[in-house]
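Everything below concerns the one structure shown next.
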Amino acid sequence: MSNKRIDQNGPVALTFHVLLTAFILAPLVIVIVASFSDKDYVSMPFDGASLRWYREILETPELIQAFWLSIRLALTSATLAAAVAVPAALAIARHRFAGRDAITAFLMSPMMIPHVVLGVAFLRFFSIMGWTGSFFALVLVHALIVVPFSLRLTLAAVIGLERDAEHAARSLGASRFVAFRRILLPLIMPGVAGGWVLCFIQSFDEVTMTIFVATPGTTTLPVALYHRIAFLSDPVTTSVSAVMIVGTVLFMFALDRIVGLDKVLIGKK
Amino acid sequence: MVDASPRQRSTPWLLSLPSLLLFVGLLAVPMALTAVLSFHVFEGMRGIQTAFTLSNYIEVLTDGYYYELFLRTGLMSLGVTVICILVGVPETLILAKMRPALQGTFFVVILGPLLISVVVRTLGWQILLGRQGPVNSALLSLGIVEEPVRFLYSMVGVVIVLTHVLLPFMIVAIWSALQKLDGQVAHAARSLGAGPITTFWRVVLPQLMPGILSGAIIVFTLAASAFATPAIIGGRRVKVVTTAIYDEFLTSLNWPLGAAIAIMLLIAIVAVVLGSNRLVERRFKQVFS
Amino acid sequence: MSTMSLRGLSKTFGNFQAVNNLDLNVEGGEFLSLLGPSGCGKTTTLQMVAGFVPPTSGTVLVEGEDVTHVVPEKRDMGIVFQSYALFPHMTIAQNVGFGLEMRKMKRQALKERVDEALAMVRLSGLEDRYPNQLSGGQRQRVAIARVLAIRPRVLLLDEPMSNLDAKLRGDMHVELRALQRRLGITTILVTHDQVEAMTMSDRIAVMTGGKIAELGTPQQVYDKPVSEFAYRFLGQTNEITGEITSNDAGSAKVQVGSISLPVKVSESHQGTSIKLFVRPERLRIGAADGSAVKGKILTRLFLGGIWFYDIDSDIGPLRISAPNLGMSPAEEGETVGIEWNSGDMQVATSELANG
């Protein structure tokens, strides 16, 4: 009888794992492979490899514009979200006050509301306010839908922190503000930064809500891609997607180096 | 500790003020406007009227078309949820048994796609599942099917792709339940004479239930709210609530009806979330609090 | 050498009275411990002294100056926290210098003060390390150096040793006590560890239910406590219930079962039921014949330095501890006589926290 350790995966488990890994990676790999096709339509398999669809990106100004718009949008909305979520997280974590639970639920609610419903609401709101096509308005609603991510990570960072360090600083002569700036803020910075990164990604990838309020002047990259995928069979979508996949992977490596990916993805401490 | 001096009593409100302003102005007000919109009269030629009516809701609640739409969306979400549980539980347990270095790698593989736009992932599946795509070629050459399977514009395809998109959420939820589990309980069960299968059913799985249920709530609501995937993979043939709302707003331009469907979707999702949370609390409070 | 007074200090959290009308004077240079089980209000008291929790009522005076409503940073008190609360993102030198930096001290003077504080706790040479590069004992020394650097009027220690292992804790007790004596700094220690309180303190305040049940030197509170709570909380005790049969100006006879014991009580002692306390080490095992009180040894425990005997005696179950002097101990099942000096069978006189 083999004395196999019960804490090891058997051959069935490993087969299952390999198949699942293939399932998860297949659509990403296929996009990258298909992007080298030389055909005029999206196809797999194909005969001749070429870079024509990468050249095509550079010759499609709408996509270039959409990319830069998405970047600007994600940068500003993630920053705005952090600016409002960090003080709110401090209030929620550090104070007991009437309405605390209600505020928490309110600030987390964009996670529960379907983005289609938010899209509909913003479409109506923008048309009433005359904000249709405004980049600033788009920043505001993107900030709104990513606030829960920033709030959650910042809250986890603040709650995980003993108050003793702040108290020590106070008793050593630091004012409330100095204790915040010199002690609390540096200590929660990993959580705040992780939240910012998550917000950036969420904003950059958001399509369902944005599709309702995007105008030709405020089309983000995912919205532009969606229209080309849903209504045309445009091979440039494969090369753009391949660039996005590779970009994301590189970004992930950088992130893992700097803060640790598991912190961002599963909120591990 | 409770701080109660008067100066400090206003502090939390001052700190929350910026976020509250943003949320009242850009969430509460637009949602209220949408609720109001859903009660407006709509006329095909003249658009939205100022008069109020319940007819949009009556139409949604009585017309068999909408009944079927909501039912289809619910069944689709349920199917995705069940598959995610069936795949997620074993995969999480497999991950837990891996060496730490390998574990980290596969976490990135499994969770990493969350960071890639859902449109990109759906495009990948559109290519994979095409009539002459790699999946059909493989099935044909292995002799599993006689002729190409219709994945695109079918419910099967939508469920496959949504499972791919939402599986990471299930794995994260089960993983966090697994982290709270004392690794020695499985050893204790084995030493008390339980075989591996009994140990799983009687000892491990019950302790994972809170994680599975919270994962199920997340996956179900995200599946019911998903738009890009059913729109691209399901197309016009497999209409779900979200794509119907999109069509009412941007194709038929019947905003009041679209708003009514959106409000109904929101109510349904909130009901599911609150209902399941209540269930989870009642069943597991004593054991896991 | 600052004196400190707490006058009528109270703190209520909702319906919970954490600290109840507490009065306490601490002499300049004195080392006083607040000792009690968790939830007795000792930590809340310290937090009010430090200024982190505003009292519901009462005042905190330092050298006669009312600091009740002074913000923590203006109180000039040094606190060593249970968690040490070092700033993990700063070096040891930056940690120790933080309070001086807040006091706008010039760089050179600051550096000298930091060096001096680190030398006091024997940590010179670790200035550029970060807290998580140090051992638990070293971190604690940094926490102490950090408060000594500001030369505080009062030193507050909040369970500072509870994260150290037993051996290190014993060494730190001696070292910290010596440092405190040398600097003559008024110190309040909060602890649930009675050994810690006894080895370090000039006086101990035993707290329960938000009040001080017992106040005195370590020997007073252990040998002659006035409250039943202190008898039970400090060390071990035997508790015997009896009836007063006569009280002649404080010399009473107490009937326990078939035995009548002579006990000193207050002249005004009311009622007939009474509780007697005697420490296990004040009881002695003697020969069975000739002793007024006899008992049968049920269990015998060996603890190295001492023997414990659990005895079923004429006056109820008793525990006796006897030093291990190398002689052969009494056997389980043996019937022995039990003896004590008359003053060791005592009565709690305080009304506070009795029962």
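Lettering and numbering for the structure tokens are positional, with chains as A, B, ... in the shown order, residues counted from 1 in each chain, and ligands counted from 1 in the shown order.
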
Distance-based interface of chain A with chain C, 7 Å, counting only C-alpha atoms, as a short mmCIF file (atom, residue, chain, number, x, y, z; two decimals) with C-alpha atoms, in the first residue's frame:
data_model
loop_
_atom_site.label_atom_id
_atom_site.label_comp_id
_atom_site.auth_asym_id
_atom_site.auth_seq_id
_atom_site.Cartn_x
_atom_site.Cartn_y
_atom_site.Cartn_z
CA ASP A 164 -1.98 52.52 19.34
CA ALA A 165 0.44 53.96 16.78
CA ALA A 168 1.55 57.00 20.64
CA ARG A 170 -0.47 62.00 19.92
CA SER A 171 1.03 61.44 23.34
CA LEU A 172 4.46 62.24 21.93
CA GLY A 173 3.15 65.64 20.93
CA ALA A 174 1.67 65.23 17.44
CA SER A 175 -1.60 67.03 16.69
CA ILE A 183 1.57 57.96 10.93
#

Which residues of range 14-47 of chain C come within 9 Å of range 189-204 of chain C, and for each one, what is the closest pair of atoms and their distance in Å to one decimal, counting only C-alpha atoms, sorted by chain and residue number, as CSV?
residue,atom,partner,partner_atom,distance
C:Glu30,CA,C:Asp202,CA,6.3
C:Phe31,CA,C:Ser201,CA,5.1
C:Leu32,CA,C:Arg203,CA,5.0
C:Ser33,CA,C:Leu189,CA,4.5
C:Leu34,CA,C:Val190,CA,4.8
C:Leu35,CA,C:Thr191,CA,5.2
C:Gly36,CA,C:His192,CA,5.1
C:Pro37,CA,C:His192,CA,5.5
C:Ser38,CA,C:His192,CA,7.1
C:Lys42,CA,C:Val190,CA,6.3
C:Thr43,CA,C:Val190,CA,6.6
C:Leu46,CA,C:Val190,CA,7.3

Would you kindly report the residues of chain A within 7 Å of chain B, using only C-alpha atoms, as a PDB file with C-alpha atoms, in the first residue's frame?
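Resulting contents of iface.pdb:
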ATOM      1  CA  ASP A   7      -2.649  16.688   1.520  1.00  0.00           C
ATOM      2  CA  GLN A   8      -1.519  16.136  -2.064  1.00  0.00           C
ATOM      3  CA  ASN A   9      -3.529  16.393  -5.251  1.00  0.00           C
ATOM      4  CA  ALA A  13      -7.455  16.508  -9.430  1.00  0.00           C
ATOM      5  CA  HIS A  17      -6.894  21.598 -12.817  1.00  0.00           C
ATOM      6  CA  ILE A  24      -9.488  30.031 -18.496  1.00  0.00           C
ATOM      7  CA  PRO A  27     -10.051  32.807 -25.079  1.00  0.00           C
ATOM      8  CA  LEU A  28      -7.104  35.060 -24.278  1.00  0.00           C
ATOM      9  CA  ILE A  30      -6.966  32.629 -29.199  1.00  0.00           C
ATOM     10  CA  VAL A  31      -7.368  36.410 -29.449  1.00  0.00           C
ATOM     11  CA  SER A  43     -11.024  33.895 -38.373  1.00  0.00           C
ATOM     12  CA  MET A  44      -9.463  30.889 -36.760  1.00  0.00           C
ATOM     13  CA  VAL A  84     -13.708  61.008  -1.464  1.00  0.00           C
ATOM     14  CA  ALA A  85     -13.424  57.387  -0.297  1.00  0.00           C
ATOM     15  CA  PRO A  87     -11.919  60.346   4.300  1.00  0.00           C
ATOM     16  CA  ALA A  88     -15.190  58.402   4.269  1.00  0.00           C
ATOM     17  CA  ALA A  91     -15.074  58.274   9.324  1.00  0.00           C
ATOM     18  CA  HIS A  95     -15.969  56.874  14.560  1.00  0.00           C
ATOM     19  CA  ARG A  96     -19.210  55.545  15.922  1.00  0.00           C
ATOM     20  CA  ILE A 113     -26.932  48.050  -8.701  1.00  0.00           C
ATOM     21  CA  PRO A 114     -26.664  46.503 -12.186  1.00  0.00           C
ATOM     22  CA  HIS A 115     -24.551  48.742 -14.398  1.00  0.00           C
ATOM     23  CA  VAL A 116     -27.285  48.688 -17.027  1.00  0.00           C
ATOM     24  CA  VAL A 117     -29.594  50.350 -14.514  1.00  0.00           C
ATOM     25  CA  ALA A 121     -30.168  56.506 -14.907  1.00  0.00           C
ATOM     26  CA  PHE A 122     -27.142  58.505 -16.061  1.00  0.00           C
ATOM     27  CA  ARG A 124     -31.660  60.251 -18.344  1.00  0.00           C
ATOM     28  CA  PHE A 125     -29.823  62.495 -15.887  1.00  0.00           C
ATOM     29  CA  VAL A 141     -20.071  58.774 -12.793  1.00  0.00           C
ATOM     30  CA  LEU A 144     -19.063  56.982  -8.377  1.00  0.00           C
ATOM     31  CA  ILE A 201      -8.750  49.012 -13.849  1.00  0.00           C
ATOM     32  CA  ASP A 205     -12.638  48.220 -18.357  1.00  0.00           C
ATOM     33  CA  THR A 208     -22.015  48.337 -19.617  1.00  0.00           C
ATOM     34  CA  PRO A 222     -14.122  49.097 -24.425  1.00  0.00           C
ATOM     35  CA  TYR A 226     -17.919  46.498 -28.214  1.00  0.00           C
ATOM     36  CA  ALA A 230     -21.172  43.275 -31.824  1.00  0.00           C
ATOM     37  CA  SER A 241      -7.539  43.107 -27.707  1.00  0.00           C
ATOM     38  CA  ILE A 245      -4.121  41.593 -22.907  1.00  0.00           C
ATOM     39  CA  THR A 248      -2.652  44.103 -18.697  1.00  0.00           C
ATOM     40  CA  ILE A 266      -8.364  39.099  -2.927  1.00  0.00           C
TER      41      ILE A 266
END

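For the pair CA of Ala249 in chain C and CA of Gln236 in chain C, the separation is 29.8 Å.
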
(message) With 12 Å as the limit and counting only C-alpha atoms, what residues in chain C lie close to chain B? Please list them as JSON, numbers by chain.
(response) {"C": [11, 12, 13, 14, 43, 44, 47, 48, 51, 52, 53, 54, 55, 56, 69, 70, 71]}

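By only C-alpha atoms, and with residues fewer than 6 positions from Val145 in chain B along its chain excluded, the set lying at most 12 Å from it is Val135, Asn136, Ser137, Ala138 and Leu139 of chain B.
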
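The smallest atom-to-atom distance between Thr186 in chain C and any of C:Val26, C:Val19, C:Ile311, C:Ala322, using only C-alpha atoms, is found for C:Val26.
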
(message) Could you tell me how far CA of Ile85 in chain B sits from CA of Tyr67 in chain B, in Å to one decimal place?
(response) 26.9 Å
